[in-house]
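Structure, as structure tokens:
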Amino acid sequence: MGEMDDIVREFIVESTEGLDQLDRDLVELEKDPSDGDRLARIFRVAHTIKGTSGVLGFGKMEAVAHVGENLLSQLRDRKLMLTQGITSALLGMVDALRTLLADIEQSGTERQRDYSMVIANLSAQLAGGNIAAAAPPTGASAPTAAVNREAQTGNSSGDGTASSIRVDVGLIDKVMTLVGELVLARNQILQFTASEQDASFTGAAQRLNLITTELQEAVMKTRMQPIGNVWNKLPRVVRDLAAGCGKHVRIEMEGSDTELDKTIIEAIKDPLTHIVRNAVDHGIESPEKRRAAGKPEEGVLRLRAYHEGGQVNIEITDDGGGISVEAVRERAKQRGLVSADQAARMSDRELMAMIFAPGFSTAEKVTNVSGRGVGMDVVKTNIERIGGSVDVQSAPGVGTALKIKIPLTLAIIPALVATSGGEQFAIPQVSLVELVRLDGEQGASAIESIQGAPVYRLRGNLLPLLYLDRELRLRGREKSGAVNIVVLQADDRQFGMVVDEINDTEEIVVKPLGKLLKGLPCFAGATIMGDGRVALILDVMGLAQRAQVVAESRAKVTAASAKTEDASKRSAWLLFRAGEEGCMAMPLADVARLEEFAAAKIEHSGAREVVQYRGDILPLVRVAEVLGKKSQRRDPVQVVVSSCNGRSFALVVDEIQDITEQEVRVQDANGDETRAAIIQERVTDLANVEGLLAAVERATAMVSA
Amino acid sequence: MEHQFCTFHLAGFFYGVEVEQVQEIIRQQEITPVPLAPEVVAGLINLRGQIVTAFDLRSRLGLPARGVDERPTNVVVRHDGEAVSLLVDEIGDVVEVSDDLFEAPPDTLHGEARALTRGVYKLPGKLMHALDLDTALLQKTSGRARGSEFVQQTIQRCGAGALAQTRGSHQ
């Protein structure tokens with residue numbers, strides 16, 4: 001009996017694949033009824049199922065497939081032309097066969113269900129062609145013949161089937177795990193080679209390294225499947241749904257041979273189907289509406305998949321009605337997801353993201369396919385669970401585009417290893433943008449704070465920071481001076497994570513955390529490092545949410561506006577010393593260049609000291625003397641080249657100290673030349689260039705007079 | 001009926017788990033702590049390439065924490081299809097006990113210790129607590145990290161026989 005079971009199991013697997021193929025082919029055939037090759041393939045599949053089910057004694061199945069086959073043979077022989085009715089009847093047959101297969105899989109027998117409707121439908125279509133329905137198969141003789149014929153057709157259709165074998169998924173998973181272990185062992189051995197002088201050992205280790213890498217790639221490939229495997233089901237979904245809503249929808253697919261890891265394929269199957277259903281149900285308008293809007297009656301749903309930087313991008317675009325930002329705003333308010341005040345402040349982008357909020361649906365009516373307020377949030381959760389992200393863009397009247405980014409594989413990933421609070425952490429490289437290292441003094445001053453929230457200016461943009469050790473409540477860091485910032489990408493936003501040390505990049509094998517640790521938001525799993533120690537893998541998204549560096553909240557909006565105000569008050573200042581003591585500052589905007597001249601280069605023009613500078617004569621202004629402070633003449637002289645009222649001057653200072661950027665509140669006025677403020681915790685005189693120059697003019701005027 | 005128990009010592013108490021549940025005993029192992037994890041999770045250990053959660057039994061039973069220089073032994077048990085390492089002070093022998101030595105925990109035993117003890121086997125010279133592994137390893141939500149009060153309240157409300165229900169409500 002065991003052998004028999006195997007045969008049945010194989011029959012179920014093969015037939016299920018065959019039926020999936022039938023779904024696709026029938027939908028395609030409807031578009032292009034003249035495609036003879038496709039029709040032949042459909043016929044072959046139906047025929048095989050009929051034959052095998054007969055041999056295995058599944059009479060009902062055979063009967064259903066038989067009528068279908070008859071109908072198909074009429075089509076093949078061009079005695080009937082394909083109509084929508086025929087396609088529907090044939091798809092009905094596919095569904096009936098699927099139900100039968102499911103029953104057989106569960107109970108081992110065909111259950112008592114009535115398939116007469118399906119058969120009657122098929123027969124009616126046959127009769128429509130004025131050809132008498134063929135007699136149902138009689139007894140066992142027909143199936144035997146069928147098997148023979150099947151063998152022949154099977155051979156003729158043999159496109160590469162002989163070169164592939166069916167392997168149990170569990171076995172591949174096991175091989176994958178073992179390769180993972182091998183990668184770890186390899187990493188450990190490679191660590192030894194660093195301290196090993198023996199050439200033959202290092203050579204062997206190198207070879208092991210190469211082979212392991214290749215093996216890993218090859219095994220990964222065995223788990224790779226084209227995304228088409230998931231997409232193939234979609235034309236049928238779209239067809240049925242469009243027919244149900246009275247819409248015309250064409251589905252276009254590009255890049256269906258893009259390969260993804262099996263686990264990921266399975267994880268995106270449902271979200272993808274849901275998005276497509278949504279697009280057909282809510283996105284694409286009825287033919288009347290489309291006509292009124294000046295669009296072709298037939299809506300287009302476009303699926304596109306492509307690789308980009310170690311990730312797979314999937315785009316689902318429809319040319320439907322699009323999502324109205326205002327409708328989203330209203331709905332979000334109505335559903336109590338945000339307050340009216342909040343809703344008014346939200347940006348379009350933030351509003352668009354609301355469609356992924358739990359309990360949200362903008363569809364005006366609830367249909368049986370979508371619009372019950374569950375779905376898009378689940379889609380987002382499912383995609384994020386596998387380390388992906390989903391983004392929506394929409395223009396009312398033009399359409400909606402959803403972009404999904406997902407990793408190629410989950411099992412082995414490249415990661416950056418960093419240390420914080422004495423522990424090593426692995427950061428998946430997909431989320432990594434760049435590394436910033438601030439040395440010594442710079443480290444202390446470059447990190448600024450906005451109402452307690454640390455930020456760093458990365459090329460002019462404020463980068464919110466989180467300290468990994470504080471976030472994870474690790475033991476305090478030793479003050480090493482240098483600050484390492486790992487710039488990470490979470491949900492289209494960047495943030496910086498401050499760690500103690502950046503170690504290395506490594507290929508790590510992702511292992512899940514045990515049940516006791518499920519639900520910890522900051523970790524995506526754990527891995528074993530080259531030295532055998534366990535390191536946790538950071539969940540960048542979870543960490544960002546926990547630290548609220550990327551939260552799309554009202555607080556964020558307020559903070560952002562505060563930020564810009566803050567920045568506008570802030571300005572850059574040049575700090576210098578003029579005279580023996582006391583600190584001075586002038587706006588960096590007034591500074592053209594900082595220069596140094598040998599004292600010997602100073603010449604005189606009348607009562608004035610001047611230097612030749614870039615072909616010009618530059619008057620010198622000794623700041624300390626103008627202000628009546630004591631100062632020594634130095635060699636070389638440090639000058640600040642500055643312009644005022646179209647003329648350039650060289651302000652001679654005793655020492656140029658620093659450039660700082662901060663908010664400056666003027667404390668008191670102190671004559672025309674300077675005012676005082678607190679900069680870097682010191683009382684600093686602010687030089688007023690104009691006032692200084694005026695003083696100089698007065699002085700020279702007095703001298704020459 | 002005879003049972004075999006793998007025994008160990010914890011803060012002066014003598015505990016045992018059924019031998020069938022024990023996968024292996026390993027000596028001290030380097031533990032990687034897991035930040036933000038429940039208190040009972042001591043960290044993760046590398047068990048021949050497999051990552052196993054180390055479970056601090058002392059913390060779970062409400063016993064005082066182990067001294068810094070006391071190295072725990074790992075009792076790796078299979079639970080719910082997953083390996084978990086119980087950190088114990090010292091491993092004891094495998095003992096064979098019969099049902100007639102068993103007695104339910106006395107009413108004077110309170111709190112966490114009671115919830116986690118199925119009963120006591122009266123061995124010559126000492127008492128062996130039979131650890132209820134299922135209850136011990138139940139995942140607790142962080143909001144109710146100290147479940148002892150909850151368990152006690154339930155016991156008071158429903159009488160001592162309600163332990164099984166308590167267990168159910170935890171899940």
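Every chain in the structure tokens takes a letter, A first, then B, and so on in the order presented; its residues are numbered from 1, and the ligands are numbered from 1 following the presented order.
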
- Within 9 Å of chain B: residues of chain A, using only C-alpha atoms, as a VMD selection string: chain A and resid 181 184 to 185 423 472 to 474 511 to 518 520 522 526 to 528 532 to 536

Export C-alpha atoms of the chosen residues as a PDB file, in the first residue's frame?
```pdb
ATOM      1  CA  GLU A 181      27.561  25.176   9.671  1.00  0.00           C
ATOM      2  CA  LEU A 184      30.912  28.934  10.322  1.00  0.00           C
ATOM      3  CA  ALA A 185      33.651  26.315  10.518  1.00  0.00           C
ATOM      4  CA  GLU A 423      29.181  42.900  23.148  1.00  0.00           C
ATOM      5  CA  LEU A 472      19.958  48.223  24.828  1.00  0.00           C
ATOM      6  CA  ARG A 473      20.797  49.218  28.390  1.00  0.00           C
ATOM      7  CA  LEU A 474      24.285  47.818  28.102  1.00  0.00           C
ATOM      8  CA  LYS A 511      19.557  31.628  13.242  1.00  0.00           C
ATOM      9  CA  PRO A 512      16.224  32.297  14.826  1.00  0.00           C
ATOM     10  CA  LEU A 513      15.941  33.137  18.492  1.00  0.00           C
ATOM     11  CA  GLY A 514      14.278  30.666  20.811  1.00  0.00           C
ATOM     12  CA  LYS A 515      10.658  30.935  21.871  1.00  0.00           C
ATOM     13  CA  LEU A 516      11.618  32.577  25.136  1.00  0.00           C
ATOM     14  CA  LEU A 517      13.035  35.503  23.213  1.00  0.00           C
ATOM     15  CA  LYS A 518      10.316  35.912  20.635  1.00  0.00           C
ATOM     16  CA  LEU A 520      12.063  41.217  21.377  1.00  0.00           C
ATOM     17  CA  CYS A 522      15.478  44.868  18.526  1.00  0.00           C
ATOM     18  CA  ALA A 526      21.479  35.441  16.317  1.00  0.00           C
ATOM     19  CA  THR A 527      24.574  34.104  14.660  1.00  0.00           C
ATOM     20  CA  ILE A 528      27.796  32.389  15.586  1.00  0.00           C
ATOM     21  CA  GLY A 532      32.503  30.577  18.306  1.00  0.00           C
ATOM     22  CA  ARG A 533      30.768  33.247  20.317  1.00  0.00           C
ATOM     23  CA  VAL A 534      27.129  34.006  19.799  1.00  0.00           C
ATOM     24  CA  ALA A 535      26.302  37.479  18.497  1.00  0.00           C
ATOM     25  CA  LEU A 536      22.887  39.028  18.170  1.00  0.00           C
TER      26      LEU A 536
END
```

- Query: Which of segment 6-166 of chain B counts as strand (DSSP E or B) under DSSP, as JSON, numbers by chain please?
  - Reply: {"B": [6, 7, 8, 9, 10, 13, 14, 15, 16, 17, 18, 22, 23, 24, 25, 26, 32, 41, 42, 43, 44, 45, 46, 47, 50, 51, 52, 53, 54, 55, 56, 73, 74, 75, 76, 77, 78, 79, 82, 83, 84, 85, 86, 87, 88, 90, 91, 92, 93, 94, 95, 96, 97, 98, 102, 103, 117, 118, 119, 120, 121, 122, 123, 126, 127, 128, 129, 130, 131]}

- If you count only C-alpha atoms, which residues fall within 12 Å of Ser98 of chain B, apart from same-chain ones fewer than 6 positions away, as a PyMOL selection string? chain B and resi 1-5+120-123

Convert the current residue selection to file output with C-alpha atoms, as a PDB file, in the first residue's frame.
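So the final result, stored in again.pdb, reads:
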```
ATOM      1  CA  MET B   1       6.053   3.055  38.742  1.00  0.00           C
ATOM      2  CA  GLU B   2       9.730   3.896  38.549  1.00  0.00           C
ATOM      3  CA  HIS B   3      11.003   7.173  37.119  1.00  0.00           C
ATOM      4  CA  GLN B   4      14.506   8.339  36.396  1.00  0.00           C
ATOM      5  CA  PHE B   5      15.374  11.865  37.345  1.00  0.00           C
ATOM      6  CA  VAL B 120       8.492  16.250  46.170  1.00  0.00           C
ATOM      7  CA  TYR B 121      10.127  12.813  46.157  1.00  0.00           C
ATOM      8  CA  LYS B 122      11.163  11.689  49.600  1.00  0.00           C
ATOM      9  CA  LEU B 123      14.630  10.289  49.054  1.00  0.00           C
TER      10      LEU B 123
END
```

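Nearest-residue note for Phe597 of chain A: choosing from A:Val167, A:Val392, A:Val652, A:Cys583, the minimum distance belongs to A:Val652, counting only C-alpha atoms.
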
- Task: Tell me, in Å to one decimal, how far atom CA of Leu408 of chain A is from atom CA of Lys221 of chain A.
- Result: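 Taking atom CA of Leu408 of chain A and atom CA of Lys221 of chain A, their separation equals 10.7 Å.
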
- Item | Selected residue of minimal separation from Glu266 of chain A among A:Ala332, A:Asn313, A:Ile386, A:Arg622, counting only C-alpha atoms |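 Looking at the shortest contact to Glu266 of chain A, the residue is A:Ile386.
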